[in-house]
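Structure file data-v4.csv with CSV, C-alpha atoms:
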chain,number,residue,atom,x,y,z
A,27,MET,CA,-25.8,12.9,-2.0
A,28,THR,CA,-22.9,13.4,-4.4
A,29,ALA,CA,-21.2,16.0,-2.3
A,30,ALA,CA,-21.4,15.9,1.5
A,31,ALA,CA,-21.6,19.6,1.9
A,32,ALA,CA,-23.6,20.5,-1.2
A,33,THR,CA,-25.7,23.6,-1.2
A,34,VAL,CA,-28.7,24.0,-3.5
A,35,LEU,CA,-30.4,27.4,-4.1
A,36,VAL,CA,-34.1,27.3,-5.1
A,37,LEU,CA,-34.9,30.5,-6.8
A,38,GLY,CA,-38.6,31.1,-7.6
A,39,ASP,CA,-40.6,34.1,-8.8
A,40,THR,CA,-43.2,33.4,-6.2
A,41,ALA,CA,-43.0,31.9,-2.7
A,42,ALA,CA,-45.5,29.2,-3.7
A,43,ARG,CA,-43.3,28.0,-6.6
A,44,ALA,CA,-40.1,28.1,-4.6
A,45,ASP,CA,-41.7,26.2,-1.7
A,46,VAL,CA,-43.0,23.5,-4.0
A,47,ALA,CA,-39.6,22.9,-5.5
A,48,ALA,CA,-37.8,22.9,-2.1
A,49,ARG,CA,-40.4,20.5,-0.7
A,50,SER,CA,-40.0,18.2,-3.7
A,51,LEU,CA,-36.2,18.0,-3.1
A,52,ARG,CA,-36.7,17.2,0.6
A,53,ASP,CA,-39.4,14.6,-0.2
A,54,GLY,CA,-37.1,13.1,-2.8
A,55,GLY,CA,-34.4,12.5,-0.2
A,56,LEU,CA,-31.9,15.1,-1.4
A,57,ASP,CA,-29.1,15.3,1.2
A,58,ALA,CA,-28.1,18.9,0.8
A,59,HIS,CA,-28.5,22.3,2.3
A,60,VAL,CA,-31.5,23.9,0.5
A,61,HIS,CA,-31.9,27.6,0.5
A,62,VAL,CA,-35.0,29.4,-0.9
A,63,ARG,CA,-35.1,32.8,-2.4
A,64,THR,CA,-37.9,34.7,-4.2
A,65,GLN,CA,-36.2,37.8,-5.3
A,66,PRO,CA,-34.1,36.8,-8.3
A,67,ALA,CA,-32.2,40.1,-8.7
A,68,ALA,CA,-31.1,40.1,-5.0
A,69,ALA,CA,-30.2,36.4,-5.1
A,70,VAL,CA,-28.0,36.8,-8.2
A,71,ALA,CA,-26.2,39.7,-6.6
A,72,THR,CA,-25.3,37.6,-3.6
A,73,LEU,CA,-24.4,34.3,-5.4
A,74,ALA,CA,-20.7,34.7,-4.3
A,75,GLU,CA,-21.8,34.8,-0.7
A,76,LEU,CA,-24.3,31.9,-0.9
A,77,ALA,CA,-21.9,29.8,-3.1
A,78,PRO,CA,-24.5,27.3,-4.2
A,79,ASP,CA,-23.4,24.1,-6.0
A,80,VAL,CA,-26.6,24.0,-8.0
A,81,ILE,CA,-29.5,26.4,-8.6
A,82,VAL,CA,-33.1,25.2,-9.2
A,83,LEU,CA,-34.8,27.9,-11.1
A,84,ASP,CA,-38.6,28.3,-11.4
A,85,LEU,CA,-39.4,31.8,-12.7
A,86,GLY,CA,-42.3,31.1,-15.0
A,87,PRO,CA,-41.7,32.0,-18.6
A,88,ALA,CA,-38.3,30.9,-20.1
A,89,ALA,CA,-37.6,34.5,-21.1
A,90,ARG,CA,-37.5,35.5,-17.5
A,91,ALA,CA,-35.2,32.5,-16.7
A,92,ARG,CA,-32.9,33.5,-19.6
A,93,GLU,CA,-32.7,37.0,-18.3
A,94,VAL,CA,-31.7,35.9,-14.8
A,95,VAL,CA,-29.2,33.3,-15.9
A,96,GLY,CA,-27.8,35.8,-18.5
A,97,ALA,CA,-27.0,38.1,-15.6
A,98,MET,CA,-25.3,35.3,-13.7
A,99,ARG,CA,-23.1,34.4,-16.7
A,100,ALA,CA,-22.3,38.0,-17.4
A,101,ALA,CA,-21.1,38.3,-13.8
A,102,GLY,CA,-18.8,35.3,-14.4
A,103,ASP,CA,-20.9,32.8,-12.4
A,104,GLY,CA,-21.1,29.3,-13.9
A,105,THR,CA,-23.2,27.5,-11.3
A,106,PRO,CA,-25.2,24.7,-12.9
A,107,VAL,CA,-28.9,25.4,-13.3
A,108,VAL,CA,-31.8,23.0,-13.3
A,109,GLY,CA,-34.8,24.8,-14.8
A,110,ILE,CA,-38.4,24.1,-14.1
A,111,VAL,CA,-40.3,25.0,-17.3
A,112,ASP,CA,-43.7,25.1,-18.8
A,113,GLU,CA,-44.3,22.6,-21.7
A,114,ASP,CA,-44.2,25.3,-24.3
A,115,ASP,CA,-41.0,26.7,-22.9
A,116,ALA,CA,-39.1,23.4,-22.9
A,117,GLU,CA,-36.5,24.6,-25.4
A,118,LEU,CA,-34.0,26.2,-23.1
A,119,ASP,CA,-30.7,25.8,-24.9
A,120,PRO,CA,-30.0,29.6,-24.8
A,121,LEU,CA,-30.5,29.3,-21.0
A,122,GLY,CA,-27.4,27.0,-20.7
A,123,ALA,CA,-29.2,24.9,-18.1
A,124,ALA,CA,-27.7,21.7,-16.8
A,125,ASP,CA,-31.1,20.1,-17.1
A,126,VAL,CA,-34.8,21.0,-17.4
A,127,VAL,CA,-37.9,19.6,-15.8
A,128,PRO,CA,-41.3,20.1,-17.4
A,129,ARG,CA,-43.7,21.5,-14.8
A,130,SER,CA,-46.3,18.8,-15.8
A,131,THR,CA,-43.9,16.1,-14.5
A,132,LEU,CA,-42.7,18.0,-11.5
A,133,ALA,CA,-42.4,15.4,-8.7
A,134,PRO,CA,-39.9,14.7,-5.9
A,135,ARG,CA,-38.0,11.8,-7.4
A,136,PRO,CA,-37.5,13.1,-11.0
A,137,LEU,CA,-36.5,16.6,-9.7
A,138,THR,CA,-34.1,15.1,-7.1
A,139,ARG,CA,-32.4,12.8,-9.6
A,140,ARG,CA,-31.7,15.7,-11.9
A,141,VAL,CA,-30.4,17.9,-9.2
A,142,GLN,CA,-28.1,15.0,-8.0
A,143,LEU,CA,-26.8,14.7,-11.5
A,144,ALA,CA,-26.1,18.4,-11.6
A,145,LEU,CA,-24.3,18.1,-8.3
A,146,ARG,CA,-22.1,15.4,-9.7
A,147,LEU,CA,-21.3,17.5,-12.7
A,148,ALA,CA,-20.5,20.4,-10.5
A,149,ALA,CA,-18.2,18.3,-8.3
A,150,ARG,CA,-16.4,17.0,-11.4
A,151,GLY,CA,-15.9,20.5,-12.6
A,152,ARG,CA,-14.4,21.6,-9.3
A,153,GLU,CA,-12.1,18.6,-9.3
A,154,HIS,CA,-10.9,19.4,-12.9
A,155,ALA,CA,-10.3,23.0,-11.9
A,156,HIS,CA,-8.3,21.9,-8.8
A,157,LEU,CA,-6.2,19.5,-10.9
A,158,ALA,CA,-5.6,22.2,-13.5
A,159,ARG,CA,-4.4,24.6,-10.8
A,160,ALA,CA,-2.3,21.9,-9.3
A,161,ARG,CA,-0.6,21.2,-12.6
A,162,GLU,CA,0.1,24.9,-13.1
A,163,GLU,CA,1.6,25.2,-9.6
A,164,LEU,CA,3.7,22.1,-10.2
A,165,LEU,CA,5.0,23.3,-13.6
A,166,ALA,CA,5.8,26.7,-12.0
A,167,ALA,CA,7.7,24.9,-9.2
A,168,ILE,CA,9.6,22.7,-11.6
A,169,SER,CA,10.6,25.7,-13.8
A,170,HIS,CA,11.7,27.6,-10.7
A,171,ASP,CA,13.7,24.7,-9.4
A,172,LEU,CA,15.4,24.0,-12.7
A,173,ARG,CA,16.6,27.6,-13.0
A,174,GLY,CA,19.2,27.1,-10.2
A,175,PRO,CA,21.2,24.2,-11.7
A,176,LEU,CA,20.8,25.5,-15.3
A,177,SER,CA,22.1,28.9,-14.3
A,178,ALA,CA,25.0,27.4,-12.5
A,179,ILE,CA,25.9,25.2,-15.5
A,180,ASN,CA,25.7,28.3,-17.7
A,181,VAL,CA,28.1,30.3,-15.5
A,182,ALA,CA,30.5,27.4,-15.2
A,183,VAL,CA,30.5,26.6,-19.0
A,184,ASP,CA,31.2,30.3,-19.7
A,185,ALA,CA,34.1,30.2,-17.3
A,186,LEU,CA,35.5,27.1,-18.9
A,187,ALA,CA,35.3,28.6,-22.3
A,188,ASP,CA,37.2,31.7,-21.2
A,189,PRO,CA,41.0,31.2,-21.9
A,190,ALA,CA,41.8,33.7,-19.2
A,191,VAL,CA,40.5,31.4,-16.5
A,192,PRO,CA,43.6,29.8,-14.8
A,193,ALA,CA,44.0,26.0,-15.2
A,194,ASP,CA,43.9,25.4,-11.5
A,195,GLU,CA,40.4,26.9,-11.3
A,196,ARG,CA,38.9,24.8,-14.1
A,197,GLY,CA,38.4,21.8,-11.8
A,198,ARG,CA,36.2,23.9,-9.6
A,199,TYR,CA,33.9,24.8,-12.5
A,200,VAL,CA,33.8,21.2,-13.7
A,201,GLU,CA,32.7,20.1,-10.2
A,202,ALA,CA,30.0,22.9,-10.3
A,203,VAL,CA,28.7,21.5,-13.6
A,204,GLN,CA,28.6,18.0,-12.2
A,205,ARG,CA,26.7,19.0,-9.1
A,206,SER,CA,24.2,21.0,-11.1
A,207,VAL,CA,23.6,18.1,-13.5
A,208,ARG,CA,23.0,15.8,-10.5
A,209,ARG,CA,20.5,18.3,-9.1
A,210,ALA,CA,18.7,18.6,-12.4
A,211,ASP,CA,18.7,14.8,-12.8
A,212,ARG,CA,17.1,14.4,-9.4
A,213,LEU,CA,14.4,16.9,-10.2
A,214,ILE,CA,13.6,15.1,-13.5
A,215,HIS,CA,13.4,11.8,-11.6
A,216,ASP,CA,11.1,13.4,-9.0
A,217,VAL,CA,8.8,14.7,-11.8
A,218,GLY,CA,8.6,11.2,-13.3
A,219,THR,CA,7.7,9.8,-9.9
A,220,ILE,CA,5.1,12.4,-9.2
A,221,SER,CA,3.5,11.6,-12.6
A,222,LEU,CA,3.4,7.9,-11.9
A,223,LEU,CA,1.9,8.5,-8.5
A,224,ALA,CA,-0.8,10.8,-9.9
A,225,ALA,CA,-1.7,8.2,-12.5
A,226,GLY,CA,-1.7,5.4,-9.9
A,227,GLU,CA,1.0,3.6,-12.0
A,228,LEU,CA,3.9,3.5,-9.6
A,229,ALA,CA,5.3,-0.1,-9.8
A,230,LEU,CA,6.6,-1.7,-6.6
A,231,GLU,CA,9.1,-4.5,-6.5
A,232,ARG,CA,8.3,-6.0,-3.2
A,233,SER,CA,10.7,-8.3,-1.4
A,234,PRO,CA,11.5,-9.2,2.3
A,235,THR,CA,13.0,-5.9,3.6
A,236,VAL,CA,14.8,-5.2,6.9
A,237,LEU,CA,14.1,-1.6,7.7
A,238,ARG,CA,16.9,-0.6,10.1
A,239,PRO,CA,19.6,-0.9,7.4
A,240,LEU,CA,17.6,1.5,5.2
A,241,LEU,CA,17.6,4.1,8.0
A,242,GLU,CA,21.3,3.6,8.6
A,243,GLN,CA,22.0,4.0,4.8
A,244,VAL,CA,20.0,7.2,4.5
A,245,ALA,CA,21.7,8.6,7.6
A,246,ARG,CA,25.2,7.9,6.1
A,247,GLU,CA,24.2,9.5,2.8
A,248,HIS,CA,23.1,12.7,4.6
A,249,ALA,CA,25.8,12.8,7.2
A,250,GLU,CA,28.0,15.3,5.4
A,251,ALA,CA,25.2,17.7,4.6
A,252,ALA,CA,23.9,17.4,8.2
A,253,ALA,CA,27.4,18.2,9.5
A,254,ARG,CA,27.7,21.3,7.4
A,255,ARG,CA,24.4,22.6,8.9
A,256,ARG,CA,25.4,21.5,12.4
A,257,ARG,CA,22.8,18.8,12.6
A,258,ALA,CA,23.3,15.5,14.4
A,259,LEU,CA,21.8,12.4,12.8
A,260,ARG,CA,20.9,9.5,15.0
A,261,VAL,CA,19.3,6.1,14.2
A,262,VAL,CA,17.2,4.7,17.1
A,263,ALA,CA,15.7,1.6,15.6
A,264,ALA,CA,14.5,-1.7,16.9
A,265,GLU,CA,15.5,-4.9,15.2
A,266,LEU,CA,12.3,-6.0,13.5
A,267,ALA,CA,11.4,-8.9,11.3
A,268,PRO,CA,11.5,-8.1,7.6
A,269,VAL,CA,8.4,-6.6,5.9
A,270,ARG,CA,7.3,-7.1,2.4
A,271,ALA,CA,8.1,-3.8,0.6
A,272,ASP,CA,10.0,-2.2,-2.2
A,273,PRO,CA,13.3,-1.3,-0.5
A,274,GLY,CA,14.4,1.1,-3.3
A,275,ARG,CA,11.1,3.1,-3.0
A,276,LEU,CA,11.2,3.1,0.8
A,277,LEU,CA,14.8,4.4,0.7
A,278,GLU,CA,13.6,7.1,-1.7
A,279,ALA,CA,10.8,8.2,0.7
A,280,LEU,CA,13.2,8.2,3.7
A,281,ASP,CA,15.7,10.2,1.7
A,282,LYS,CA,13.1,12.9,1.1
A,283,LEU,CA,12.2,13.0,4.7
A,284,VAL,CA,15.7,13.3,6.0
A,285,ALA,CA,16.6,15.8,3.3
A,286,ASN,CA,13.7,17.9,4.5
A,287,ALA,CA,14.8,17.6,8.2
A,288,VAL,CA,18.4,18.5,7.3
A,289,ALA,CA,17.3,21.6,5.3
A,290,HIS,CA,14.7,22.9,7.6
A,291,GLY,CA,15.2,21.3,11.0
A,292,ALA,CA,17.7,22.0,13.8
A,293,GLY,CA,19.6,20.2,16.5
A,294,GLU,CA,19.3,16.4,16.5
A,295,ILE,CA,17.5,14.5,13.7
A,296,ARG,CA,16.2,11.1,14.9
A,297,LEU,CA,15.3,8.2,12.7
A,298,THR,CA,13.4,5.4,14.3
A,299,VAL,CA,11.4,2.3,13.4
A,300,ALA,CA,9.1,0.3,15.7
A,301,ASP,CA,6.0,-1.8,15.8
A,302,VAL,CA,2.9,0.1,16.7
A,303,ALA,CA,2.0,-1.4,20.2
A,304,HIS,CA,-1.7,-0.4,20.1
A,305,GLU,CA,-2.2,-1.4,16.4
A,306,PRO,CA,-0.8,-4.9,15.7
A,307,GLY,CA,0.1,-5.4,12.1
A,308,TRP,CA,1.5,-1.8,11.6
A,309,ILE,CA,5.0,-0.4,11.6
A,310,GLU,CA,6.0,3.2,11.9
A,311,LEU,CA,9.1,4.8,10.5
A,312,VAL,CA,9.7,8.2,12.1
A,313,VAL,CA,11.9,11.1,11.1
A,314,GLU,CA,11.8,14.0,13.7
A,315,ASP,CA,14.0,17.0,14.4
A,316,ASP,CA,14.4,19.8,16.9
A,317,GLY,CA,13.8,22.6,14.5
A,318,PRO,CA,11.1,25.3,14.3
A,319,GLY,CA,8.4,22.8,13.3
A,320,VAL,CA,5.7,23.6,10.7
A,321,ALA,CA,3.4,26.6,10.8
A,322,PRO,CA,-0.2,25.5,11.2
A,323,GLU,CA,-1.3,27.4,8.1
A,324,LEU,CA,1.2,25.4,6.0
A,325,ALA,CA,0.4,21.9,7.5
A,326,ALA,CA,-2.7,21.4,5.3
A,327,GLN,CA,-0.8,21.9,2.1
A,328,LEU,CA,2.5,20.4,3.2
A,329,PHE,CA,2.3,17.3,1.0
A,330,ASP,CA,0.9,19.0,-2.1
A,331,PRO,CA,3.6,18.7,-4.8
A,332,GLY,CA,4.7,22.1,-6.1
A,333,ARG,CA,3.2,24.2,-3.3
A,334,PRO,CA,5.8,26.7,-1.9
A,335,ARG,CA,6.3,26.2,1.8
A,336,ARG,CA,8.6,27.4,4.5
A,337,ARG,CA,9.8,26.0,7.8
A,338,GLY,CA,11.9,28.5,9.8
A,339,ARG,CA,14.3,30.1,7.3
A,340,GLY,CA,14.1,27.4,4.7
A,341,GLY,CA,11.7,27.2,1.7
A,342,GLY,CA,11.2,25.9,-1.8
A,343,PRO,CA,8.7,24.2,-4.1
A,344,GLY,CA,8.9,20.9,-2.2
A,345,LEU,CA,8.2,17.9,-4.3
A,346,GLY,CA,9.9,15.6,-1.8
A,347,LEU,CA,7.2,15.3,0.9
A,348,GLY,CA,4.5,14.6,-1.7
A,349,ILE,CA,6.6,11.9,-3.2
A,350,ALA,CA,7.3,10.4,0.2
A,351,ARG,CA,3.5,10.3,1.0
A,352,GLY,CA,2.8,8.8,-2.4
A,353,ILE,CA,5.3,6.0,-1.9
A,354,ALA,CA,3.8,5.3,1.6
A,355,ARG,CA,0.3,5.1,0.2
A,356,ALA,CA,1.4,2.9,-2.7
A,357,HIS,CA,2.5,0.4,0.0
A,358,GLY,CA,-0.9,0.6,1.6
A,359,GLY,CA,0.3,2.9,4.4
A,360,ASP,CA,0.5,6.7,4.8
A,361,LEU,CA,2.7,9.6,5.8
A,362,GLU,CA,1.5,12.3,8.3
A,363,LEU,CA,2.9,15.1,10.3
A,364,ARG,CA,2.2,14.6,14.0
A,365,ALA,CA,2.4,17.0,16.9
A,366,SER,CA,5.7,17.1,18.6
A,367,ALA,CA,7.0,18.9,21.7
A,368,THR,CA,9.8,20.3,19.5
A,369,GLY,CA,10.4,20.4,15.8
A,370,ALA,CA,8.6,18.4,13.2
A,371,ARG,CA,7.7,14.7,13.5
A,372,PHE,CA,6.9,12.8,10.2
A,373,VAL,CA,5.5,9.4,10.7
A,374,LEU,CA,5.5,6.9,7.7
A,375,ARG,CA,3.1,4.0,8.5
A,376,LEU,CA,3.5,0.6,6.8
A,377,PRO,CA,1.2,-2.4,7.1
A,378,ARG,CA,3.1,-5.4,8.3
A,379,SER,CA,2.6,-8.3,5.9
A,380,ASP,CA,4.3,-11.6,5.9
A,381,ALA,CA,7.7,-11.3,4.2
Can you turn what I pasted into structure tokens?
Amino acid sequence: MTAAAATVLVLGDTAARADVAARSLRDGGLDAHVHVRTQPAAAVATLAELAPDVIVLDLGPAARAREVVGAMRAAGDGTPVVGIVDEDDAELDPLGAADVVPRSTLAPRPLTRRVQLALRLAARGREHAHLARAREELLAAISHDLRGPLSAINVAVDALADPAVPADERGRYVEAVQRSVRRADRLIHDVGTISLLAAGELALERSPTVLRPLLEQVAREHAEAAARRRRALRVVAAELAPVRADPGRLLEALDKLVANAVAHGAGEIRLTVADVAHEPGWIELVVEDDGPGVAPELAAQLFDPGRPRRRGRGGGPGLGLGIARGIARAHGGDLELRASATGARFVLRLPRSDA
């Protein structure tokens, strides 16, 4: 079957016709949940509840089929339809059917093949719709995130253009512009990385890489921000043999994880690296904190770029975690959120290959 949880609705004008079609699908080996209905009007009214992926329609004359499908389309339902038709009703373009099967050739294998094709088309349509929504959410998140630095730059430039602003205050506005430009530049870089990851085109420059220095470097880079938020950063890392990886991209992933912990965690933030004792050949880089953790309803979408999310009092569009997971997967590993007694525990897994 194309989709593991596919649902097929067999809609016939008589129980005999509906049963023949349903039996043909079962005999043809269709791996799907098959529901049978013999009251077209009632079935159309409950399509939202049934949520079929494909409808197999056998209502006799094509005019009757057009009437039922017309009601579906008028109600905004675009479920693919496979119509079983009489030979003289084979022209069903006005029906908008995904496929038609002449009644004279109705048999398990041909009908099942055409329903499987319709299921594939339905799955592709859902995937395209999901990608379109994801793009819209990402663009909205980027627009939202860019407003901050652009607004700050605008305010600072207006102040610098005002001759009444004292000379000793101008340096503060220049620093504000510089900070905002860096923020905007990071966002543009992140958008580029997300695009490469989505296209499967993120290039890695692998070399023998010692992991502990990467943790120590990212801890140093976030020390000032952590201190401002009263967080403590601690590296607890074993001395491991080098792994073959892209140090720049790994540093980028760790930077996103630590930035997330500094912004949304609390207490101590621990950075560790160690071999996986029960899985030889794997290494785990862990960033964990003592903060409020992640609400269960947010965990499933945590790594989706552009999805708004909150941990405790923090929030934001959150490109970082999606980038970190993409970099981990580009290395043949993964990034996951694991249960922790306190706070959040992000585990970046890497396969150990000879350096």
Discussion item. If I take CA of Asp272 in chain A and CA of Val217 in chain A, how far is one from the other in Å, to one decimal?
Written reply: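 Interatomic distance here is 19.5 Å.
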Worksheet item: From the set A:Gly291, A:Gly109, A:Gly359, A:Gly307, which residue has the shortest atom-to-atom contact distance to Val80 in chain A, counting only C-alpha atoms?
Response: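 For Val80 in chain A, the nearest of the candidates is A:Gly109.
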Practice prompt. Find the residue from A:Val111, A:Ala279, A:Leu241, A:Ala365 that sits nearest to Ala321 in chain A; use all atoms listed in the file when measuring.
Written response: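 Of A:Val111, A:Ala279, A:Leu241, A:Ala365, the one nearest Ala321 in chain A is A:Ala365, counting all atoms listed in the file.
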Worksheet item: Hey, can you check how far CA of Ile168 in chain A sits from CA of Arg150 in chain A?
Response: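 According to the coordinates, CA of Ile168 in chain A and CA of Arg150 in chain A are separated by 26.6 Å.
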Practice prompt. Kindly indicate which residue among A:Thr33, A:Pro192, A:His248, A:Ala253 lies nearest to Ala144 in chain A, using only C-alpha atoms for the distances.
Written response: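 Using only C-alpha atoms, Ala144 in chain A sits closest to A:Thr33.
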Worksheet item: Can you tell me, as a PyMOL selection string, what residues are no more than 8 Å from range 92-98 of chain A when counting only C-alpha atoms, ignoring any on the same chain fewer than 3 positions away?
Response: chain A and resi 66-67+70+88-89+101-104+120-121
Please save C-alpha atoms of the selected residues as a PDB file, in the frame of the given file.
ATOM      1  CA  PRO A  66     -34.100  36.800  -8.300  1.00  0.00           C
ATOM      2  CA  ALA A  67     -32.200  40.100  -8.700  1.00  0.00           C
ATOM      3  CA  VAL A  70     -28.000  36.800  -8.200  1.00  0.00           C
ATOM      4  CA  ALA A  88     -38.300  30.900 -20.100  1.00  0.00           C
ATOM      5  CA  ALA A  89     -37.600  34.500 -21.100  1.00  0.00           C
ATOM      6  CA  ALA A 101     -21.100  38.300 -13.800  1.00  0.00           C
ATOM      7  CA  GLY A 102     -18.800  35.300 -14.400  1.00  0.00           C
ATOM      8  CA  ASP A 103     -20.900  32.800 -12.400  1.00  0.00           C
ATOM      9  CA  GLY A 104     -21.100  29.300 -13.900  1.00  0.00           C
ATOM     10  CA  PRO A 120     -30.000  29.600 -24.800  1.00  0.00           C
ATOM     11  CA  LEU A 121     -30.500  29.300 -21.000  1.00  0.00           C
TER      12      LEU A 121
END
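Minimum distance to Leu230 in chain A across A:Val127, A:Asp57, A:Arg355, A:Ile179 (counting all atoms listed in the file) occurs at A:Arg355.
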How would you write as a PDB file with C-alpha atoms, in the coordinates of the input the residues that get within 6 Å of (-39.0, 11.3, -2.3) in the file's frame, counting all atoms listed in the file?
ATOM      1  CA  ASP A  53     -39.400  14.600  -0.200  1.00  0.00           C
ATOM      2  CA  GLY A  54     -37.100  13.100  -2.800  1.00  0.00           C
ATOM      3  CA  GLY A  55     -34.400  12.500  -0.200  1.00  0.00           C
ATOM      4  CA  PRO A 134     -39.900  14.700  -5.900  1.00  0.00           C
ATOM      5  CA  ARG A 135     -38.000  11.800  -7.400  1.00  0.00           C
TER       6      ARG A 135
END
Practice prompt. Check the smallest atom-to-atom distance from each of A:Ile349, A:Leu37, A:Val203, A:Ala367 to Leu228 in chain A using all atoms listed in the file, then report the winner.
Written response: A:Ile349
Worksheet item: Near Glu294 in chain A, counting all atoms listed in the file, which residues have an atom at most 9 Å away, once you skip same-chain residues fewer than 2 positions from it, shown as a VMD selection string?
Response: chain A and resid 256 to 260 291 to 292 296 314 to 317
Go ahead and find all residues with at least one atom no further than 10 Å from (-38.9, 25.3, -1.3) in the file's coordinates, using all atoms listed in the file; report them as a PDB file with C-alpha atoms, keeping the file's coordinate frame.
ATOM      1  CA  LEU A  35     -30.400  27.400  -4.100  1.00  0.00           C
ATOM      2  CA  VAL A  36     -34.100  27.300  -5.100  1.00  0.00           C
ATOM      3  CA  LEU A  37     -34.900  30.500  -6.800  1.00  0.00           C
ATOM      4  CA  GLY A  38     -38.600  31.100  -7.600  1.00  0.00           C
ATOM      5  CA  ALA A  41     -43.000  31.900  -2.700  1.00  0.00           C
ATOM      6  CA  ALA A  42     -45.500  29.200  -3.700  1.00  0.00           C
ATOM      7  CA  ARG A  43     -43.300  28.000  -6.600  1.00  0.00           C
ATOM      8  CA  ALA A  44     -40.100  28.100  -4.600  1.00  0.00           C
ATOM      9  CA  ASP A  45     -41.700  26.200  -1.700  1.00  0.00           C
ATOM     10  CA  VAL A  46     -43.000  23.500  -4.000  1.00  0.00           C
ATOM     11  CA  ALA A  47     -39.600  22.900  -5.500  1.00  0.00           C
ATOM     12  CA  ALA A  48     -37.800  22.900  -2.100  1.00  0.00           C
ATOM     13  CA  ARG A  49     -40.400  20.500  -0.700  1.00  0.00           C
ATOM     14  CA  SER A  50     -40.000  18.200  -3.700  1.00  0.00           C
ATOM     15  CA  LEU A  51     -36.200  18.000  -3.100  1.00  0.00           C
ATOM     16  CA  ARG A  52     -36.700  17.200   0.600  1.00  0.00           C
ATOM     17  CA  VAL A  60     -31.500  23.900   0.500  1.00  0.00           C
ATOM     18  CA  HIS A  61     -31.900  27.600   0.500  1.00  0.00           C
ATOM     19  CA  VAL A  62     -35.000  29.400  -0.900  1.00  0.00           C
ATOM     20  CA  ARG A  63     -35.100  32.800  -2.400  1.00  0.00           C
ATOM     21  CA  THR A  64     -37.900  34.700  -4.200  1.00  0.00           C
ATOM     22  CA  VAL A  82     -33.100  25.200  -9.200  1.00  0.00           C
TER      23      VAL A  82
END
Worksheet, complete the sentence: Closest of A:Arg99, A:Arg159, A:Arg208, A:Arg238 to Val261 in chain A, counting only C-alpha atoms, is A:Arg238
Worksheet item: So how many Å separate CA of Glu362 in chain A and CA of Leu297 in chain A, to one decimal?
Response: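 According to the coordinates, CA of Glu362 in chain A and CA of Leu297 in chain A are separated by 15.1 Å.
Taking all atoms listed in the file, the non-local environment of Val183 in chain A within 10 Å (same-chain residues fewer than 2 positions away omitted) comprises Ser177, Ala178, Ile179, Asn180, Val181, Ala185, Leu186, Ala187, Asp188, Arg196, Tyr199, Val200, Ala202 and Val203 of chain A.
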Worksheet item: What lies within 12 Å of Gly319 in chain A using all atoms listed in the file, ignoring chain neighbours under 2 positions off, as a VMD selection string?
Response: chain A and resid 286 to 287 290 to 293 314 to 317 321 to 325 328 336 to 340 363 to 372
